[in-house]
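Below is one structure, written out as structure tokens; the observations come after it.
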Amino acid sequence: MALCAAAFLAAATPALGRDLTICADPNNLPFSNERGEGLENRLAEMLAREMGGAARTVWWAQRGRAFLRDTLGAGRCEALLGVTAGMGGVLTTRPYYRSGYVFVTRRSDNLQPEEFGDPRLEALTIGIPVTGMGYYDTPPAILLGRHGLADRLRPFAVTSDDYEQPNPPAHLIEAVASGEVDVAVAWGPLAGYFAPRQGVPLWVGPALAEAEGVPLSFDISVAVAKSNPALRDELDRALDARRQDIARLLSEYGVPLLPARAGGAISPAKAGVP
Amino acid sequence: MASRRSAITAALLALLSASPVLAQADKARPPARTTAPEDGQWTMPSKSYDSTRYSGLNQIDRSNVGALQVAFSFSVGVVRGQESAPLVVGDTLYFVSAFPNILYALDLSKPGAPLKWKYEPKVNPSSQGVACCDTVNRGPFFWQGALFFNTLDNTTVSVDAATGKERWRTVLGDINKGETMTMAPLVVKGKVLVGNSGGEFGVRGWLAALDAGTGAIAWRAYSTGPDADVLIGDQFKTFYETDRGKDLGIATWPAGAWRQGGGAVWGWISYDPELDLIYYGTSNPGPWNAEMRPGDNKWTDGIFARRPDDGAAVWFYQTSPHDLYDHDSVNELVLLDMPVEGRDRKVLIRPERNGYMYVIDRQTGEVLSADPYVHITSSRGVDLKTGRLLYVPEKGPVTGKVIRDICPTAPGAKDWSPSSFSPETGLLYVPHMNMCMDYEGTEVNYIAGTPYLGAEVKMYAGPGGHRGGLIAWDPVKRRPAWSVQEHFPVWSGTAATAGGLVFYGTMEGWFKALDAATGELLWQFKTGSGIIGQPSVFRGPDGREYVAILSGIGGWAGALVSGDLDPRDATAAKGFAHAVTDLREATTKGGTLYVFALPR
């Protein structure tokens, strides 16, 4: 059945008046939730309207490594928002923003770390997101590990942790406010959205581009199946047409932005020291 | 695909057959207490507690195996990797399927061996999302009228072998913590020994013993943490200095990291009734990124000897301290008595993931020898004085750095697929891989709103261009007697017989019989799908000898096919999918039991 759906969707001519079917996580603010309150929910509406139709959402939790295969791969939907540009196995549009990992602390502590070798970190409890094949595969995990701070880390699982609770990844930011950790290194949009919503004033540092050869900044795009370059091109046109609205949307959600890479080209998937 | 013989074979064979018959004490042989007269059954995956997987049946032999044919087959009804060993007790054949772990009982007394009963444990489907390496199961264990097996969602079940009725079930772990269970239990002195899987998911590994009659947990020995949890006490008389000290399961980790330290127990257990010791190994430490866990990371990647009654640890040896390569130490431990430098010793042989053939004194844990059995660049040997693996620093993975030609790969020289031993030839039949890998820097990945970095690992064939094979290793002479190459890694177990044969399967689906003395291919049959299961040999109710194997590609090596993975994704199946992209041309998914016999 999945094969039929994929064939149907791929064969549909991307003309005006068509709806845009996307897959989205029902519980993952600031990006998306079942009530449509996420920035990607709003972006999907925007793009669909620009293309002359409405956004139809298939709710699919990004719980495991198979999420690309189970969404685009299985033909459940034709587009996936919020994917790193150039990611393998799919086609991606030009990025609609570039952001980076940020440090987050309590304002009252007057701590504003800028780098991973900051000696003050040695006495602090540091919250980081963890995920990936090696589990500790997020850039902050790698950098802090290199600086011998593995002892100081408190991991916050991005997936597989407490999915019954609202927005599990937000626990990382909540942990700074509650004092469970002294500092967090979080993905920019997550911090930009949840930090102002805590009961305690938090400081969010600037988005970092890279440190010690490890990338901390990433371009975010819309992904479609490799067999659908026509839709990708159409989405590129829609993203371009709505550039101003998207800038306002990102600002509303507090996304820390970094300048686009030179030429606005799609970043390659490969990163790191050649 | 062609099998090639090693050049050593002809000359060596001539020499061996010309020498006088060696006295018992001069040959490697299974321990006397674990050797029972052949009764034509196969009641546990390892055949016997010494894990030699040797059948004393000789009706099928070198002279007639060429005529072997399918006697009957049975569709498993599940097309994921089939790793179970088919057991035979009396006139019934038993095996466990991949998820949803159906326990099948076939009636060998009737033509075509029809289904006698099946038991469906009703496994939580979410457990499939937490299985790292396909939703496999390595088989049941028969003991005193009951079968014992594990479900993917962490339940050990006891089922009446005659009726298929459940006797008890015990939940031992939690999929929400990343735990699953795939291993085949071992029952020793009324205790059902079981362990968890999940070293990839930040679990804490353990081995537990359940009362065979009631399912009550008698003891649980963790693989990390304080001595009290690891059951290290007065009986612990471990051989090497590096393994002595208080609470090393905490001290050899950064603070708190031992709680998710891995050391899962998903592989094989052997037992010596004379010494009253069980032997098993622990998996990789977590997390994979070694930079996060400075220290030796005890007690992961090592071999424990324990007392079955209370789990008390007697010795431990770490095959890969501070693991850099995911070299789980869970492979089979073959118990043999054999001459080592002129003296008869009680040893265990461990064909290890890291590429060394360990011969270890099973009374003390002293390493007597550790010879490479594959091409190795990641280490330069084992220091027998200290017991430590000597890593080559330049081959240690560092995030962002390109490092080439690391041999063996993460799956190693050999993964869980068990070897067999023939007391007739004195050889150990080792299914293995011949692969190396490059770390090509980082690749950006993303999930649920979090970008992260994956290591871009490229695996490829090692020297010679073949990705696997079968080695007939002489444990006394410490070198191969012969070897056979295969196009793909060999991920099936082997079984040896008194008919002078060794059986194994290939990832393309060939089931083969080789001459155990020379490696000559004497017979092969193309089954419906790649083989990653374990062969067994039995005598049917009609008095004829049969050989059984499950066909059905999958497991870590075959996940590309069984899991419909994208071979362009360099991180799919932890980098393995990329190494066997041609597997999709060679086989498709399947799930069938094949049982072979000579024509009537």
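Order determines the names: the first chain of the structure tokens is A, the second B, and so forth; residues in each chain are numbered 1 upward, and ligands are numbered 1 upward as they are shown.
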
- DSSP on the backbone: what in region 165-225 of chain A comes out strand (DSSP E), as a list of chain:residue names? A:Val183, A:Ala184, A:Val185, A:Ala186, A:Trp187, A:Leu202, A:Trp203, A:Val204, A:Glu210, A:Ala211, A:Val214, A:Pro215, A:Ser217, A:Phe218, A:Asp219, A:Ile220, A:Ser221, A:Val222, A:Ala223, A:Val224

- Item | Test item: chain B residues at most 9 Å from chain A, counting only C-alpha atoms, as a VMD selection string | chain B and resid 129 to 130 176 to 178 200 to 202 253 to 257 286 to 289 291 to 294 399 to 402 440 to 456 564 to 566 568 to 572 574

Could the residues in this selection be written to a file with C-alpha atoms, as an mmCIF file, in the first residue's frame?
data_model
loop_
_atom_site.group_PDB
_atom_site.id
_atom_site.type_symbol
_atom_site.label_atom_id
_atom_site.label_comp_id
_atom_site.auth_asym_id
_atom_site.auth_seq_id
_atom_site.Cartn_x
_atom_site.Cartn_y
_atom_site.Cartn_z
ATOM 1 C CA GLY B 129 12.350 -0.104 17.648
ATOM 2 C CA VAL B 130 14.932 -0.784 20.321
ATOM 3 C CA ASN B 176 11.907 2.144 27.633
ATOM 4 C CA LYS B 177 15.416 1.910 29.027
ATOM 5 C CA GLY B 178 16.670 0.564 25.701
ATOM 6 C CA GLU B 200 23.957 0.605 21.892
ATOM 7 C CA PHE B 201 21.178 2.263 23.870
ATOM 8 C CA GLY B 202 22.786 3.225 27.132
ATOM 9 C CA TRP B 253 34.546 5.377 34.504
ATOM 10 C CA PRO B 254 33.890 9.147 34.709
ATOM 11 C CA ALA B 255 31.509 9.866 37.599
ATOM 12 C CA GLY B 256 28.156 8.180 37.144
ATOM 13 C CA ALA B 257 28.824 6.958 33.623
ATOM 14 C CA GLY B 286 28.390 2.858 26.226
ATOM 15 C CA PRO B 287 28.533 5.373 24.736
ATOM 16 C CA TRP B 288 30.230 4.373 21.505
ATOM 17 C CA ASN B 289 32.165 7.628 21.506
ATOM 18 C CA GLU B 291 36.249 10.157 24.235
ATOM 19 C CA MET B 292 33.258 10.369 26.574
ATOM 20 C CA ARG B 293 34.424 7.579 28.890
ATOM 21 C CA PRO B 294 38.097 7.721 29.788
ATOM 22 C CA THR B 399 35.723 12.750 15.913
ATOM 23 C CA GLY B 400 36.337 14.764 12.784
ATOM 24 C CA LYS B 401 39.612 13.042 11.907
ATOM 25 C CA VAL B 402 40.008 10.805 8.878
ATOM 26 C CA GLU B 440 36.019 9.491 6.978
ATOM 27 C CA GLY B 441 35.179 12.358 9.274
ATOM 28 C CA THR B 442 31.748 13.416 10.330
ATOM 29 C CA GLU B 443 28.392 13.421 8.656
ATOM 30 C CA VAL B 444 25.566 15.649 9.763
ATOM 31 C CA ASN B 445 22.406 13.982 10.921
ATOM 32 C CA TYR B 446 19.226 15.205 12.533
ATOM 33 C CA ILE B 447 16.402 13.902 14.611
ATOM 34 C CA ALA B 448 13.484 15.457 16.461
ATOM 35 C CA GLY B 449 14.888 18.945 16.264
ATOM 36 C CA THR B 450 18.490 18.136 17.160
ATOM 37 C CA PRO B 451 21.349 18.083 14.691
ATOM 38 C CA TYR B 452 24.083 15.658 15.563
ATOM 39 C CA LEU B 453 27.142 14.133 13.993
ATOM 40 C CA GLY B 454 27.553 10.623 12.745
ATOM 41 C CA ALA B 455 30.912 9.096 12.052
ATOM 42 C CA GLU B 456 31.129 8.274 8.401
ATOM 43 C CA ASP B 564 14.958 -2.359 3.958
ATOM 44 C CA LEU B 565 17.742 0.049 4.718
ATOM 45 C CA ASP B 566 19.186 2.583 2.293
ATOM 46 C CA ARG B 568 23.502 5.138 0.407
ATOM 47 C CA ASP B 569 23.153 6.022 4.075
ATOM 48 C CA ALA B 570 26.655 5.594 5.386
ATOM 49 C CA THR B 571 25.367 5.231 8.920
ATOM 50 C CA ALA B 572 22.672 2.652 8.190
ATOM 51 C CA LYS B 574 26.024 1.305 12.027
#

- Message: Report as a VMD selection string all protein, DNA and RNA residues lying within 8 Å of Glu114 (chain A), evaluated on only C-alpha atoms, omitting residues in the same chain fewer than 2 positions from it.
- Response: chain A and resid 103 112 116 118 205

Please save N, CA, C and O atoms of the selected residues as a PDB file, in the first residue's frame.
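Saved file result.pdb follows:
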ATOM      1  N   PHE A 103      24.972  28.366  24.510  1.00  0.00           N
ATOM      2  CA  PHE A 103      25.067  28.144  25.952  1.00  0.00           C
ATOM      3  C   PHE A 103      23.845  28.779  26.610  1.00  0.00           C
ATOM      4  O   PHE A 103      23.376  29.834  26.178  1.00  0.00           O
ATOM      5  N   GLN A 112      28.502  33.655  31.533  1.00  0.00           N
ATOM      6  CA  GLN A 112      28.230  33.728  30.099  1.00  0.00           C
ATOM      7  C   GLN A 112      29.349  33.039  29.341  1.00  0.00           C
ATOM      8  O   GLN A 112      30.164  33.684  28.680  1.00  0.00           O
ATOM      9  N   PHE A 116      34.246  25.988  25.036  1.00  0.00           N
ATOM     10  CA  PHE A 116      34.165  24.709  25.738  1.00  0.00           C
ATOM     11  C   PHE A 116      35.366  24.453  26.636  1.00  0.00           C
ATOM     12  O   PHE A 116      35.340  23.566  27.476  1.00  0.00           O
ATOM     13  N   ASP A 118      36.410  26.760  28.679  1.00  0.00           N
ATOM     14  CA  ASP A 118      36.269  27.699  29.793  1.00  0.00           C
ATOM     15  C   ASP A 118      36.479  26.955  31.112  1.00  0.00           C
ATOM     16  O   ASP A 118      35.720  26.042  31.431  1.00  0.00           O
ATOM     17  N   GLY A 205      23.187  32.502  25.134  1.00  0.00           N
ATOM     18  CA  GLY A 205      24.325  33.047  24.400  1.00  0.00           C
ATOM     19  C   GLY A 205      24.069  33.079  22.908  1.00  0.00           C
ATOM     20  O   GLY A 205      23.053  32.569  22.424  1.00  0.00           O
TER      21      GLY A 205
END

- What lies within 8 Å of Lys298 (chain B) using only C-alpha atoms, ignoring chain neighbours under 4 positions off, as a ChimeraX atom specification? /B:223-224,248-250,252-253,318,321

Just the selected residues (N, CA, C and O atoms), exported as a PDB file, in the first residue's frame, please.
ATOM      1  N   SER B 223      27.106  -5.748  35.085  1.00  0.00           N
ATOM      2  CA  SER B 223      28.417  -5.676  34.437  1.00  0.00           C
ATOM      3  C   SER B 223      29.153  -4.391  34.764  1.00  0.00           C
ATOM      4  O   SER B 223      30.301  -4.206  34.369  1.00  0.00           O
ATOM      5  N   THR B 224      28.482  -3.458  35.451  1.00  0.00           N
ATOM      6  CA  THR B 224      29.146  -2.220  35.872  1.00  0.00           C
ATOM      7  C   THR B 224      28.640  -1.885  37.267  1.00  0.00           C
ATOM      8  O   THR B 224      27.651  -2.452  37.725  1.00  0.00           O
ATOM      9  N   LEU B 248      35.955  -1.380  40.932  1.00  0.00           N
ATOM     10  CA  LEU B 248      36.491  -0.963  39.645  1.00  0.00           C
ATOM     11  C   LEU B 248      35.380  -0.691  38.636  1.00  0.00           C
ATOM     12  O   LEU B 248      35.591   0.024  37.660  1.00  0.00           O
ATOM     13  N   GLY B 249      34.209  -1.240  38.858  1.00  0.00           N
ATOM     14  CA  GLY B 249      33.072  -1.003  37.975  1.00  0.00           C
ATOM     15  C   GLY B 249      32.539   0.416  38.091  1.00  0.00           C
ATOM     16  O   GLY B 249      31.629   0.802  37.363  1.00  0.00           O
ATOM     17  N   ILE B 250      33.091   1.187  39.017  1.00  0.00           N
ATOM     18  CA  ILE B 250      32.794   2.611  39.159  1.00  0.00           C
ATOM     19  C   ILE B 250      34.054   3.408  38.869  1.00  0.00           C
ATOM     20  O   ILE B 250      34.040   4.396  38.131  1.00  0.00           O
ATOM     21  N   THR B 252      36.655   2.939  37.104  1.00  0.00           N
ATOM     22  CA  THR B 252      37.249   3.002  35.770  1.00  0.00           C
ATOM     23  C   THR B 252      36.346   3.721  34.786  1.00  0.00           C
ATOM     24  O   THR B 252      36.411   3.493  33.573  1.00  0.00           O
ATOM     25  N   TRP B 253      35.482   4.571  35.315  1.00  0.00           N
ATOM     26  CA  TRP B 253      34.546   5.377  34.504  1.00  0.00           C
ATOM     27  C   TRP B 253      34.564   6.814  35.014  1.00  0.00           C
ATOM     28  O   TRP B 253      34.836   7.038  36.187  1.00  0.00           O
ATOM     29  N   GLN B 318      39.583  -8.880  30.635  1.00  0.00           N
ATOM     30  CA  GLN B 318      39.047  -7.890  29.704  1.00  0.00           C
ATOM     31  C   GLN B 318      39.751  -7.980  28.349  1.00  0.00           C
ATOM     32  O   GLN B 318      40.938  -7.669  28.227  1.00  0.00           O
ATOM     33  N   PRO B 321      39.961  -3.445  26.877  1.00  0.00           N
ATOM     34  CA  PRO B 321      39.754  -2.365  27.835  1.00  0.00           C
ATOM     35  C   PRO B 321      39.542  -1.049  27.098  1.00  0.00           C
ATOM     36  O   PRO B 321      40.124  -0.840  26.030  1.00  0.00           O
TER      37      PRO B 321
END

- Item | Atomic separation - CA of Pro119 (chain A) relative to CA of Pro196 (chain A), Å |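 Computing it gives 27.2 Å between the two atoms.
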
- Task: Could you check which of B:Ala472, B:Val330, B:Ala313, B:Ala290 is closest to Ser270 (chain B), using only C-alpha atoms?
- Result: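 Smallest separation from Ser270 (chain B) among the options: B:Val330.
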
- Just how far from CA of Asn297 (chain B) is CA of Trp258 (chain B), in Å to one decimal? 7.7 Å

- Message: Measuring between only C-alpha atoms, which one of A:Ala175, A:Met46, A:Val224, A:Leu231 shows the shortest distance to Leu202 (chain A)?
- Response: A:Ala175

- Return as a ChimeraX atom specification the full set of residues in region 61-263 of chain A whose backbone-based DSSP assignment is helix (DSSP H, G or I). /A:67-73,107-109,119-123,139-146,150-152,168-178,188-197,229-241,243-252,262-263

- Message: If we count only C-alpha atoms and set the cut-off at 12 Å, which residues sit around Ala241 (chain A), ignoring sequence neighbours fewer than 2 positions away in its own chain? Please answer as a ChimeraX atom specification.
- Response: /A:46-47,49-51,96,234-239,243-247

- Item | Selected residue of minimal separation from Lys191 (chain B) among B:Gly261, B:Gly281, B:Pro308, B:Gly245, counting only C-alpha atoms |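 Closest to Lys191 (chain B), using only C-alpha atoms: B:Pro308.
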
- Message: Need to verify the contact set: region 406-417 of chain B, 6 Å, only C-alpha atoms, exclusion of same-chain residues closer than 6 positions in sequence. Can you return it as a ChimeraX atom specification?
- Response: /B:325-326,331,353-355,376-378,432-433,435-437,491-493

- Item | Pairwise distance for CA of Ile175 (chain B) and CA of Ser126 (chain B), rounded to one decimal in Å | 7.8 Å

- Task: Name all residues at most 6 Å from region 494-507 of chain B (count only C-alpha atoms; drop same-chain ones fewer than 6 positions away) and give them as an MDAnalysis selection string.
- Result: chainID B and resid 53:58 60:61 419:420 422 513:516 530:531 535

- Message: With distances taken over only C-alpha atoms, which residue among B:Asp50, B:Glu545, B:Asp153, B:Asp438 lies nearest Phe99 (chain B)?
- Response: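 Ranked by minimum distance to Phe99 (chain B), first place goes to B:Asp153.
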